[in-house]
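Participant: Handing over start13.cif, mmCIF, C-alpha atoms.
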data_model
#
loop_
_atom_site.group_PDB
_atom_site.id
_atom_site.type_symbol
_atom_site.label_atom_id
_atom_site.label_comp_id
_atom_site.auth_asym_id
_atom_site.auth_seq_id
_atom_site.Cartn_x
_atom_site.Cartn_y
_atom_site.Cartn_z
ATOM 1 C CA ASN A 18 107.589 64.470 158.486
ATOM 2 C CA PHE A 19 104.226 66.098 158.071
ATOM 3 C CA ILE A 20 102.426 68.791 160.091
ATOM 4 C CA GLU A 21 98.664 68.645 160.354
ATOM 5 C CA ASN A 22 96.130 71.459 160.697
ATOM 6 C CA GLN A 23 98.057 74.172 158.852
ATOM 7 C CA ASN A 24 95.260 76.735 158.937
ATOM 8 C CA PRO A 25 95.602 80.551 158.935
ATOM 9 C CA PHE A 26 95.377 82.261 162.327
ATOM 10 C CA SER A 27 91.879 83.385 163.326
ATOM 11 C CA ILE A 28 90.963 85.431 166.406
ATOM 12 C CA SER A 29 87.544 83.787 166.772
ATOM 13 C CA ASP A 30 89.009 80.260 166.480
ATOM 14 C CA PHE A 31 91.680 81.164 169.007
ATOM 15 C CA ARG A 32 89.172 82.630 171.460
ATOM 16 C CA TYR A 33 86.653 79.790 171.396
ATOM 17 C CA GLY A 34 88.827 76.854 170.303
ATOM 18 C CA ILE A 35 91.518 76.919 172.989
ATOM 19 C CA SER A 36 91.445 74.282 175.723
ATOM 20 C CA ILE A 37 93.850 73.351 178.533
ATOM 21 C CA LYS A 38 94.149 69.947 180.199
ATOM 22 C CA ALA A 39 96.369 69.403 183.246
ATOM 23 C CA ILE A 40 98.387 66.160 183.116
ATOM 24 C CA LYS A 41 100.615 66.501 186.172
ATOM 25 C CA LYS A 42 100.585 69.108 188.922
ATOM 26 C CA ASN A 43 102.554 69.496 192.142
ATOM 27 C CA GLN A 44 104.401 72.226 194.029
ATOM 28 C CA GLU A 45 107.434 72.145 191.741
ATOM 29 C CA GLU A 46 106.161 70.985 188.344
ATOM 30 C CA LEU A 47 103.195 71.553 186.057
ATOM 31 C CA ILE A 48 102.567 69.638 182.831
ATOM 32 C CA PHE A 49 99.535 70.468 180.717
ATOM 33 C CA GLN A 50 98.309 70.117 177.152
ATOM 34 C CA ILE A 51 97.002 73.077 175.159
ATOM 35 C CA LYS A 52 94.840 72.730 172.052
ATOM 36 C CA GLY A 53 94.360 75.569 169.592
ATOM 37 C CA PHE A 54 97.428 77.503 170.814
ATOM 38 C CA ASP A 55 99.811 79.093 168.304
ATOM 39 C CA PHE A 56 103.566 78.447 168.504
ATOM 40 C CA SER A 57 104.310 82.165 168.792
ATOM 41 C CA PHE A 58 102.255 82.461 171.994
ATOM 42 C CA SER A 59 103.851 79.316 173.431
ATOM 43 C CA ASN A 60 107.331 80.658 172.804
ATOM 44 C CA ALA A 61 106.373 84.068 174.227
ATOM 45 C CA LEU A 62 105.117 82.414 177.429
ATOM 46 C CA ARG A 63 108.309 80.362 177.663
ATOM 47 C CA ARG A 64 110.530 83.447 177.333
ATOM 48 C CA ILE A 65 108.457 85.408 179.861
ATOM 49 C CA LEU A 66 108.675 82.585 182.390
ATOM 50 C CA LEU A 67 112.438 82.401 181.965
ATOM 51 C CA SER A 68 113.347 86.072 182.014
ATOM 52 C CA GLU A 69 110.602 88.547 182.929
ATOM 53 C CA ILE A 70 108.972 87.537 186.240
ATOM 54 C CA SER A 71 110.345 89.472 189.227
ATOM 55 C CA ILE A 72 111.736 87.641 192.261
ATOM 56 C CA PHE A 73 114.210 88.304 195.074
ATOM 57 C CA GLY A 74 117.809 87.117 194.830
ATOM 58 C CA ILE A 75 121.047 87.773 196.713
ATOM 59 C CA GLU A 76 122.876 90.550 194.858
ATOM 60 C CA LYS A 77 125.688 91.660 197.219
ATOM 61 C CA VAL A 78 127.619 89.827 199.928
ATOM 62 C CA PHE A 79 129.725 91.664 202.538
ATOM 63 C CA PHE A 80 132.287 89.457 204.283
ATOM 64 C CA TYR A 81 133.421 90.207 207.821
ATOM 65 C CA ASP A 82 135.377 86.986 208.269
ATOM 66 C CA ASN A 83 136.222 84.084 205.965
ATOM 67 C CA SER A 84 138.925 81.651 206.958
ATOM 68 C CA SER A 85 137.551 78.746 204.896
ATOM 69 C CA ILE A 86 139.358 77.224 201.923
ATOM 70 C CA LEU A 87 136.951 78.918 199.483
ATOM 71 C CA ASN A 88 137.506 82.463 198.251
ATOM 72 C CA ASP A 89 134.973 85.207 198.980
ATOM 73 C CA GLU A 90 133.905 85.329 195.311
ATOM 74 C CA ILE A 91 133.100 81.606 195.181
ATOM 75 C CA ILE A 92 131.008 81.703 198.360
ATOM 76 C CA ALA A 93 129.218 84.854 197.151
ATOM 77 C CA HIS A 94 128.366 83.116 193.863
ATOM 78 C CA ARG A 95 127.032 80.058 195.687
ATOM 79 C CA LEU A 96 124.933 82.269 197.968
ATOM 80 C CA GLY A 97 123.553 84.201 195.001
ATOM 81 C CA MET A 98 122.190 81.032 193.383
ATOM 82 C CA ILE A 99 120.169 80.004 196.465
ATOM 83 C CA PRO A 100 116.429 80.590 195.782
ATOM 84 C CA LEU A 101 114.719 82.706 198.446
ATOM 85 C CA PHE A 102 111.083 82.494 199.422
ATOM 86 C CA VAL A 103 109.513 85.958 199.683
ATOM 87 C CA SER A 104 105.773 86.588 199.793
ATOM 88 C CA PRO A 105 104.489 87.122 196.218
ATOM 89 C CA HIS A 106 102.137 89.838 197.493
ATOM 90 C CA PHE A 107 105.123 91.808 198.790
ATOM 91 C CA ILE A 108 106.887 91.486 195.410
ATOM 92 C CA ASP A 109 103.739 92.710 193.638
ATOM 93 C CA TYR A 110 103.501 95.642 196.045
ATOM 94 C CA SER A 111 107.181 96.544 195.525
ATOM 95 C CA VAL A 112 106.932 96.433 191.728
ATOM 96 C CA LYS A 113 103.667 98.396 191.721
ATOM 97 C CA LYS A 114 105.071 101.120 194.001
ATOM 98 C CA LYS A 115 108.388 101.093 192.036
ATOM 99 C CA THR A 116 110.434 100.524 195.190
ATOM 100 C CA GLN A 117 112.260 97.453 193.883
ATOM 101 C CA ASN A 118 115.420 99.426 193.042
ATOM 102 C CA PHE A 119 116.201 100.411 196.637
ATOM 103 C CA LEU A 120 114.241 97.909 198.736
ATOM 104 C CA LYS A 121 116.635 95.408 200.299
ATOM 105 C CA ILE A 122 116.165 92.240 202.316
ATOM 106 C CA ILE A 123 119.202 91.339 204.422
ATOM 107 C CA LEU A 124 120.207 87.827 205.475
ATOM 108 C CA ASN A 125 123.079 86.938 207.776
ATOM 109 C CA LEU A 126 125.348 83.913 207.614
ATOM 110 C CA ARG A 127 127.387 83.030 210.707
ATOM 111 C CA ALA A 128 129.084 79.639 210.858
ATOM 112 C CA ASN A 129 132.171 78.413 212.671
ATOM 113 C CA HIS A 130 133.812 75.054 213.355
ATOM 114 C CA PRO A 131 134.506 74.248 217.013
ATOM 115 C CA ASN A 132 137.964 72.937 217.803
ATOM 116 C CA ASN A 133 136.779 69.991 219.903
ATOM 117 C CA PHE A 134 136.734 67.476 217.001
ATOM 118 C CA PHE A 135 138.697 67.035 213.768
ATOM 119 C CA LYS A 136 136.031 66.189 211.180
ATOM 120 C CA ASN A 137 134.910 68.918 208.813
ATOM 121 C CA ILE A 138 131.360 70.221 209.003
ATOM 122 C CA SER A 139 128.969 71.211 206.201
ATOM 123 C CA ILE A 140 127.289 74.610 206.064
ATOM 124 C CA TYR A 141 123.863 74.506 204.430
ATOM 125 C CA SER A 142 121.393 77.143 203.281
ATOM 126 C CA LYS A 143 119.406 76.726 206.507
ATOM 127 C CA SER A 144 122.182 78.753 208.190
ATOM 128 C CA LEU A 145 120.980 81.876 206.339
ATOM 129 C CA LYS A 146 118.916 83.931 208.789
ATOM 130 C CA TRP A 147 116.722 86.864 207.851
ATOM 131 C CA LYS A 148 117.629 90.122 209.580
ATOM 132 C CA LYS A 149 114.507 91.795 210.977
ATOM 133 C CA TYR A 150 114.678 95.563 210.684
ATOM 134 C CA GLY A 151 112.527 98.594 209.901
ATOM 135 C CA VAL A 152 109.175 98.379 208.168
ATOM 136 C CA LEU A 153 110.018 94.938 206.721
ATOM 137 C CA LYS A 154 109.681 93.471 210.210
ATOM 138 C CA SER A 155 105.905 94.011 210.071
ATOM 139 C CA PHE A 156 105.627 93.037 206.378
ATOM 140 C CA PHE A 157 107.054 89.558 206.989
ATOM 141 C CA LYS A 158 105.630 88.963 210.440
ATOM 142 C CA ASN A 159 103.534 85.957 209.373
ATOM 143 C CA VAL A 160 105.518 84.873 206.282
ATOM 144 C CA PRO A 161 109.258 85.187 207.062
ATOM 145 C CA VAL A 162 111.950 85.308 204.402
ATOM 146 C CA LYS A 163 113.915 82.066 204.129
ATOM 147 C CA PRO A 164 115.706 79.856 201.591
ATOM 148 C CA VAL A 165 113.354 77.622 199.638
ATOM 149 C CA PHE A 166 115.507 74.558 200.348
ATOM 150 C CA LYS A 167 117.346 74.053 203.627
ATOM 151 C CA ASP A 168 119.869 71.482 202.380
ATOM 152 C CA ILE A 169 121.796 73.436 199.698
ATOM 153 C CA LEU A 170 125.497 73.079 200.463
ATOM 154 C CA ILE A 171 127.370 76.393 200.782
ATOM 155 C CA ALA A 172 130.790 75.325 202.077
ATOM 156 C CA LYS A 173 132.664 72.908 204.332
ATOM 157 C CA LEU A 174 134.707 74.078 207.310
ATOM 158 C CA ASN A 175 137.759 72.486 208.882
ATOM 159 C CA PRO A 176 138.537 72.895 212.605
ATOM 160 C CA GLY A 177 138.999 76.543 213.557
ATOM 161 C CA GLN A 178 137.572 77.955 210.310
ATOM 162 C CA LYS A 179 134.783 80.521 210.250
ATOM 163 C CA ILE A 180 132.464 82.347 207.825
ATOM 164 C CA GLU A 181 130.609 85.517 208.726
ATOM 165 C CA CYS A 182 128.893 87.640 206.110
ATOM 166 C CA GLU A 183 125.851 89.772 205.332
ATOM 167 C CA CYS A 184 123.787 89.246 202.160
ATOM 168 C CA GLU A 185 121.703 91.914 200.440
ATOM 169 C CA SER A 186 118.869 90.610 198.263
ATOM 170 C CA LEU A 187 117.117 92.733 195.652
ATOM 171 C CA ILE A 188 114.277 92.280 193.174
ATOM 172 C CA GLY A 189 115.377 91.345 189.674
ATOM 173 C CA ILE A 190 114.391 89.456 186.537
ATOM 174 C CA GLY A 191 116.005 86.548 184.757
ATOM 175 C CA ASN A 192 116.886 88.792 181.826
ATOM 176 C CA ASN A 193 119.535 90.391 184.078
ATOM 177 C CA HIS A 194 120.883 87.208 185.703
ATOM 178 C CA ALA A 195 119.897 83.544 185.893
ATOM 179 C CA LYS A 196 119.603 83.732 189.697
ATOM 180 C CA PHE A 197 116.495 85.913 189.247
ATOM 181 C CA SER A 198 114.743 83.285 187.108
ATOM 182 C CA PRO A 199 111.863 81.601 188.986
ATOM 183 C CA VAL A 200 111.982 78.457 186.828
ATOM 184 C CA GLY A 201 114.620 75.791 186.573
ATOM 185 C CA SER A 202 113.392 74.817 183.129
ATOM 186 C CA THR A 203 110.342 75.541 181.004
ATOM 187 C CA PHE A 204 109.684 74.258 177.504
ATOM 188 C CA TYR A 205 106.966 72.964 175.205
ATOM 189 C CA LYS A 206 106.683 69.986 172.895
ATOM 190 C CA ILE A 207 104.580 69.787 169.779
ATOM 191 C CA PHE A 208 102.274 66.794 170.065
ATOM 192 C CA PRO A 209 103.396 63.962 167.738
ATOM 193 C CA LYS A 210 101.064 62.501 165.141
ATOM 194 C CA ILE A 211 101.575 58.874 164.084
ATOM 195 C CA LYS A 212 99.601 57.260 161.275
ATOM 196 C CA ILE A 213 99.637 53.605 160.305
ATOM 197 C CA ILE A 214 98.985 53.807 156.548
ATOM 198 C CA SER A 215 98.364 50.101 155.997
ATOM 199 C CA GLU A 216 97.616 47.400 158.560
ATOM 200 C CA ILE A 217 100.645 45.639 160.076
ATOM 201 C CA PHE A 218 100.231 42.071 161.373
ATOM 202 C CA GLY A 219 102.192 39.175 162.791
ATOM 203 C CA LYS A 220 105.983 39.124 162.996
ATOM 204 C CA GLU A 221 106.342 42.563 161.431
ATOM 205 C CA ALA A 222 104.097 44.064 164.121
ATOM 206 C CA VAL A 223 106.063 42.340 166.909
ATOM 207 C CA PHE A 224 109.328 43.588 165.358
ATOM 208 C CA LEU A 225 108.112 47.227 165.324
ATOM 209 C CA VAL A 226 106.912 47.035 168.943
ATOM 210 C CA GLN A 227 110.350 45.823 170.011
ATOM 211 C CA LYS A 228 112.197 48.317 167.801
ATOM 212 C CA CYS A 229 110.492 51.428 169.215
ATOM 213 C CA PRO A 230 112.610 52.599 172.224
ATOM 214 C CA MET A 231 109.777 54.664 173.745
ATOM 215 C CA LYS A 232 107.127 51.872 173.528
ATOM 216 C CA VAL A 233 104.725 53.964 171.471
ATOM 217 C CA PHE A 234 103.193 50.918 169.770
ATOM 218 C CA ASP A 235 101.371 47.902 171.141
ATOM 219 C CA LEU A 236 99.608 44.801 169.852
ATOM 220 C CA GLU A 237 95.923 43.923 169.806
ATOM 221 C CA GLU A 238 93.964 40.872 168.797
ATOM 222 C CA PHE A 239 92.544 40.866 165.270
ATOM 223 C CA PRO A 240 89.813 38.186 165.264
ATOM 224 C CA LEU A 241 89.402 37.990 161.502
ATOM 225 C CA PHE A 242 92.818 36.412 160.859
ATOM 226 C CA SER A 243 93.682 35.386 164.463
ATOM 227 C CA LEU A 244 96.772 37.559 164.267
ATOM 228 C CA LYS A 245 98.307 40.337 166.347
ATOM 229 C CA ARG A 246 97.756 43.788 164.865
ATOM 230 C CA LEU A 247 99.905 46.878 165.489
ATOM 231 C CA PHE A 248 98.282 50.041 166.891
ATOM 232 C CA VAL A 249 99.465 53.338 168.401
ATOM 233 C CA SER A 250 98.968 53.119 172.173
ATOM 234 C CA SER A 251 100.989 56.075 173.546
ATOM 235 C CA PRO A 252 101.630 58.742 170.876
ATOM 236 C CA ASN A 253 102.657 61.348 173.481
ATOM 237 C CA TYR A 254 105.776 59.267 174.304
ATOM 238 C CA CYS A 255 107.135 59.641 170.771
ATOM 239 C CA THR A 256 110.455 61.531 170.518
ATOM 240 C CA MET A 257 110.602 61.484 166.701
ATOM 241 C CA CYS A 258 113.582 59.120 166.718
ATOM 242 C CA LYS A 259 112.331 57.658 163.381
ATOM 243 C CA GLU A 260 113.200 54.083 164.319
ATOM 244 C CA CYS A 261 109.764 52.953 163.130
ATOM 245 C CA ILE A 262 110.369 54.308 159.614
ATOM 246 C CA ASP A 263 114.084 53.462 159.359
ATOM 247 C CA PHE A 264 113.959 50.785 156.650
ATOM 248 C CA PRO A 265 115.734 50.252 153.319
ATOM 249 C CA LYS A 266 114.479 52.331 150.391
ATOM 250 C CA TYR A 267 112.977 49.336 148.602
ATOM 251 C CA VAL A 268 110.599 48.666 151.548
ATOM 252 C CA VAL A 269 107.223 50.376 151.164
ATOM 253 C CA PRO A 270 106.651 52.620 154.224
ATOM 254 C CA LYS A 271 103.598 51.716 156.292
ATOM 255 C CA ILE A 272 103.944 54.370 159.039
ATOM 256 C CA ARG A 273 104.050 58.136 158.827
ATOM 257 C CA ILE A 274 105.133 60.371 161.700
ATOM 258 C CA GLY A 275 104.777 64.098 162.088
ATOM 259 C CA ARG A 276 103.505 66.796 164.419
ATOM 260 C CA ASN A 277 100.137 68.306 165.191
ATOM 261 C CA ASN A 278 100.667 72.058 165.465
ATOM 262 C CA GLN A 279 97.316 72.545 167.228
ATOM 263 C CA LYS A 280 98.285 70.465 170.260
ATOM 264 C CA ILE A 281 101.179 71.385 172.563
ATOM 265 C CA THR A 282 102.508 69.867 175.775
ATOM 266 C CA PHE A 283 103.843 72.607 178.075
ATOM 267 C CA ILE A 284 106.182 71.846 180.997
ATOM 268 C CA ILE A 285 106.993 74.292 183.830
ATOM 269 C CA GLU A 286 109.601 73.268 186.414
ATOM 270 C CA THR A 287 110.014 75.866 189.159
ATOM 271 C CA THR A 288 112.833 76.541 191.616
ATOM 272 C CA GLY A 289 110.267 76.387 194.436
ATOM 273 C CA ILE A 290 109.915 80.150 194.921
ATOM 274 C CA PHE A 291 106.397 80.229 193.430
ATOM 275 C CA SER A 292 104.025 77.431 192.567
ATOM 276 C CA PRO A 293 103.851 76.724 188.800
ATOM 277 C CA GLU A 294 100.200 77.838 188.699
ATOM 278 C CA ILE A 295 101.140 81.307 189.982
ATOM 279 C CA LEU A 296 103.998 81.543 187.459
ATOM 280 C CA PHE A 297 101.736 80.595 184.548
ATOM 281 C CA HIS A 298 99.116 83.097 185.714
ATOM 282 C CA ARG A 299 101.731 85.886 185.915
ATOM 283 C CA ALA A 300 103.184 85.003 182.530
ATOM 284 C CA ILE A 301 99.717 85.285 180.954
ATOM 285 C CA PHE A 302 99.198 88.718 182.528
ATOM 286 C CA LEU A 303 102.600 89.928 181.314
ATOM 287 C CA LEU A 304 101.827 88.655 177.806
ATOM 288 C CA VAL A 305 98.488 90.495 177.837
ATOM 289 C CA GLY A 306 100.311 93.651 178.951
ATOM 290 C CA LYS A 307 102.774 93.326 176.069
ATOM 291 C CA CYS A 308 99.904 92.925 173.586
ATOM 292 C CA ASN A 309 98.150 96.004 174.973
ATOM 293 C CA GLN A 310 101.404 97.982 174.740
ATOM 294 C CA SER A 311 101.821 96.943 171.095
ATOM 295 C CA LEU A 312 98.232 97.964 170.291
ATOM 296 C CA LEU A 313 98.789 101.338 171.973
ATOM 297 C CA SER A 314 101.972 101.938 169.958
ATOM 298 C CA LEU A 315 100.164 101.091 166.711
ATOM 299 C CA TYR A 316 97.288 103.386 167.615
ATOM 300 C CA GLN A 317 99.663 106.250 168.370
ATOM 301 C CA ASN A 318 101.514 105.737 165.066
ATOM 302 C CA PHE A 319 98.222 105.787 163.113
ATOM 303 C CA GLN A 320 97.261 109.016 164.837
ATOM 304 C CA LYS A 321 100.569 110.628 163.900
ATOM 305 C CA GLU A 322 100.106 109.624 160.245
ATOM 306 C CA GLU A 323 96.598 111.079 160.169
ATOM 307 C CA ASN A 324 97.812 114.358 161.627
#
Just give me the structure as structure tokens.

Facilitator:
Amino acid sequence: NFIENQNPFSISDFRYGISIKAIKKNQEELIFQIKGFDFSFSNALRRILLSEISIFGIEKVFFYDNSSILNDEIIAHRLGMIPLFVSPHFIDYSVKKKTQNFLKIILNLRANHPNNFFKNISIYSKSLKWKKYGVLKSFFKNVPVKPVFKDILIAKLNPGQKIECECESLIGIGNNHAKFSPVGSTFYKIFPKIKIISEIFGKEAVFLVQKCPMKVFDLEEFPLFSLKRLFVSSPNYCTMCKECIDFPKYVVPKIRIGRNNQKITFIIETTGIFSPEILFHRAIFLLVGKCNQSLLSLYQNFQKEEN
């Protein structure tokens, strides 16, 4: 494999050479391509998205009644993994005022199976109801707290069984527990680079098109010899499986594959708490804050050495 554009890092090139192109965008997923972005920054953004953005999650569950087949611990774990929608402005306010350690949002779960029929019933996340109390009642007047998805299964109840509990949700980060992570998955892929060294025609071209599992190659008309010629149609689909270069040693290679380290495809898949645009925006701000903190530490160390 080969990697193109191995140039030393330059602040001016980074500032004026970076570009972002959105490929796919919806409420739960964002895919975009970045040019001129270093791997270290991409990995830093990925780690921030996974573990350093604050959200609300159920931390403690107090059971008053549980006659279901599931133990209290299992139900509490299932409740803790349910993503909760809380206004991002309220989270920002809580973090800024440093009230996240004692500010609690309470949700109640009350579910029981009537005895008038024998089939079991399913209890979903829509049964979680926000408890309105104190100053939070006015905070969430227009944007109430609720589970992001209403159809997450919590438990099943047989006739006569009952669950009654109270859930305390706190602000946390994914570094403490996965339930506080606002993304289901976030990763980046280095853009593949495929070069056809010498022209490939006819049966050999057809064979390579059929051999590639990701359909990266295609055929085009070559009027000079009235033959089909191989060309790279979809390089972004390449998974580096190396099927196109897997030939015996005595065969002269005609294709080279590698990666372009100046072009990255970034994928953000959220849990629905925030839109991916908001998450990316917050990750950038946190990264800038980390850079400023590092510069301040260096400046303070230089001052100490001078003194």

Participant: Neighbouring residues of segment 255-261 of chain A were defined as those with any atom within 12 Å, considering all atoms listed in the file; residues of the same chain fewer than 3 positions away were excluded. Please report them as JSON, numbers by chain.

Facilitator: {"A": [18, 19, 206, 207, 208, 209, 210, 211, 212, 213, 221, 222, 223, 224, 225, 226, 227, 228, 229, 230, 231, 232, 233, 234, 247, 249, 250, 251, 252, 264, 265, 270, 271, 272, 273, 274, 275, 276]}

Participant: Segment 281-292 of chain A, all listed atoms, 8 Å padding on each side: what axis-aligned box centre and edge lengths in Å to one decimal come out, as AutoDock Vina command-line options?

Facilitator:
--center_x 107.0 --center_y 75.0 --center_z 183.7 --size_x 27.7 --size_y 26.4 --size_z 38.4

Participant: Counting all atoms listed in the file, figure out which residue out of A:Glu69, A:Cys182, A:Thr203, A:Leu126 gets nearest to Lys307 of chain A.

Facilitator: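 The closest residue to Lys307 of chain A is A:Glu69.
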
Participant: Just give me the gap between atom CA of Asn125 of chain A and atom CA of Ile190 of chain A in Å, one decimal is fine.

Facilitator: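 We find that atom CA of Asn125 of chain A and atom CA of Ile190 of chain A lie 23.1 Å from each other.
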
Participant: Name all residues at most 8 Å from Ser198 of chain A (count all atoms listed in the file; drop same-chain ones fewer than 4 positions away) and give them as a ChimeraX atom specification.

Facilitator: /A:66-72,190-192,194

Participant: Got time to write the residues from that selection, C-alpha atoms, as a PDB file, in the frame of the given file?

Facilitator:
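To be explicit, this is the file written out as result16.pdb:
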ATOM      1  CA  LEU A  66     108.675  82.585 182.390  1.00  0.00           C
ATOM      2  CA  LEU A  67     112.438  82.401 181.965  1.00  0.00           C
ATOM      3  CA  SER A  68     113.347  86.072 182.014  1.00  0.00           C
ATOM      4  CA  GLU A  69     110.602  88.547 182.929  1.00  0.00           C
ATOM      5  CA  ILE A  70     108.972  87.537 186.240  1.00  0.00           C
ATOM      6  CA  SER A  71     110.345  89.472 189.227  1.00  0.00           C
ATOM      7  CA  ILE A  72     111.736  87.641 192.261  1.00  0.00           C
ATOM      8  CA  ILE A 190     114.391  89.456 186.537  1.00  0.00           C
ATOM      9  CA  GLY A 191     116.005  86.548 184.757  1.00  0.00           C
ATOM     10  CA  ASN A 192     116.886  88.792 181.826  1.00  0.00           C
ATOM     11  CA  HIS A 194     120.883  87.208 185.703  1.00  0.00           C
TER      12      HIS A 194
END

Participant: Name the closest residue to Ile48 of chain A among the candidates A:Ser139, A:Glu322, A:Ile281, A:Leu313; distances are taken between atoms, counting all atoms listed in the file.

Facilitator: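 For Ile48 of chain A, the nearest of the candidates is A:Ile281.
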
Participant: Going by the chain IDs and residue numbers used in this file, which residues fall under the PyMOL selection byres ((chain A and resi 142) around 8)? Write them as JSON, numbers by chain.

Facilitator: {"A": [99, 140, 141, 143, 144, 145, 164, 166, 167, 168, 169, 170, 171]}

Participant: Mind pulling up the distance from atom CA of Glu286 of chain A to atom CA of Gly74 of chain A?

Facilitator: 18.2 Å
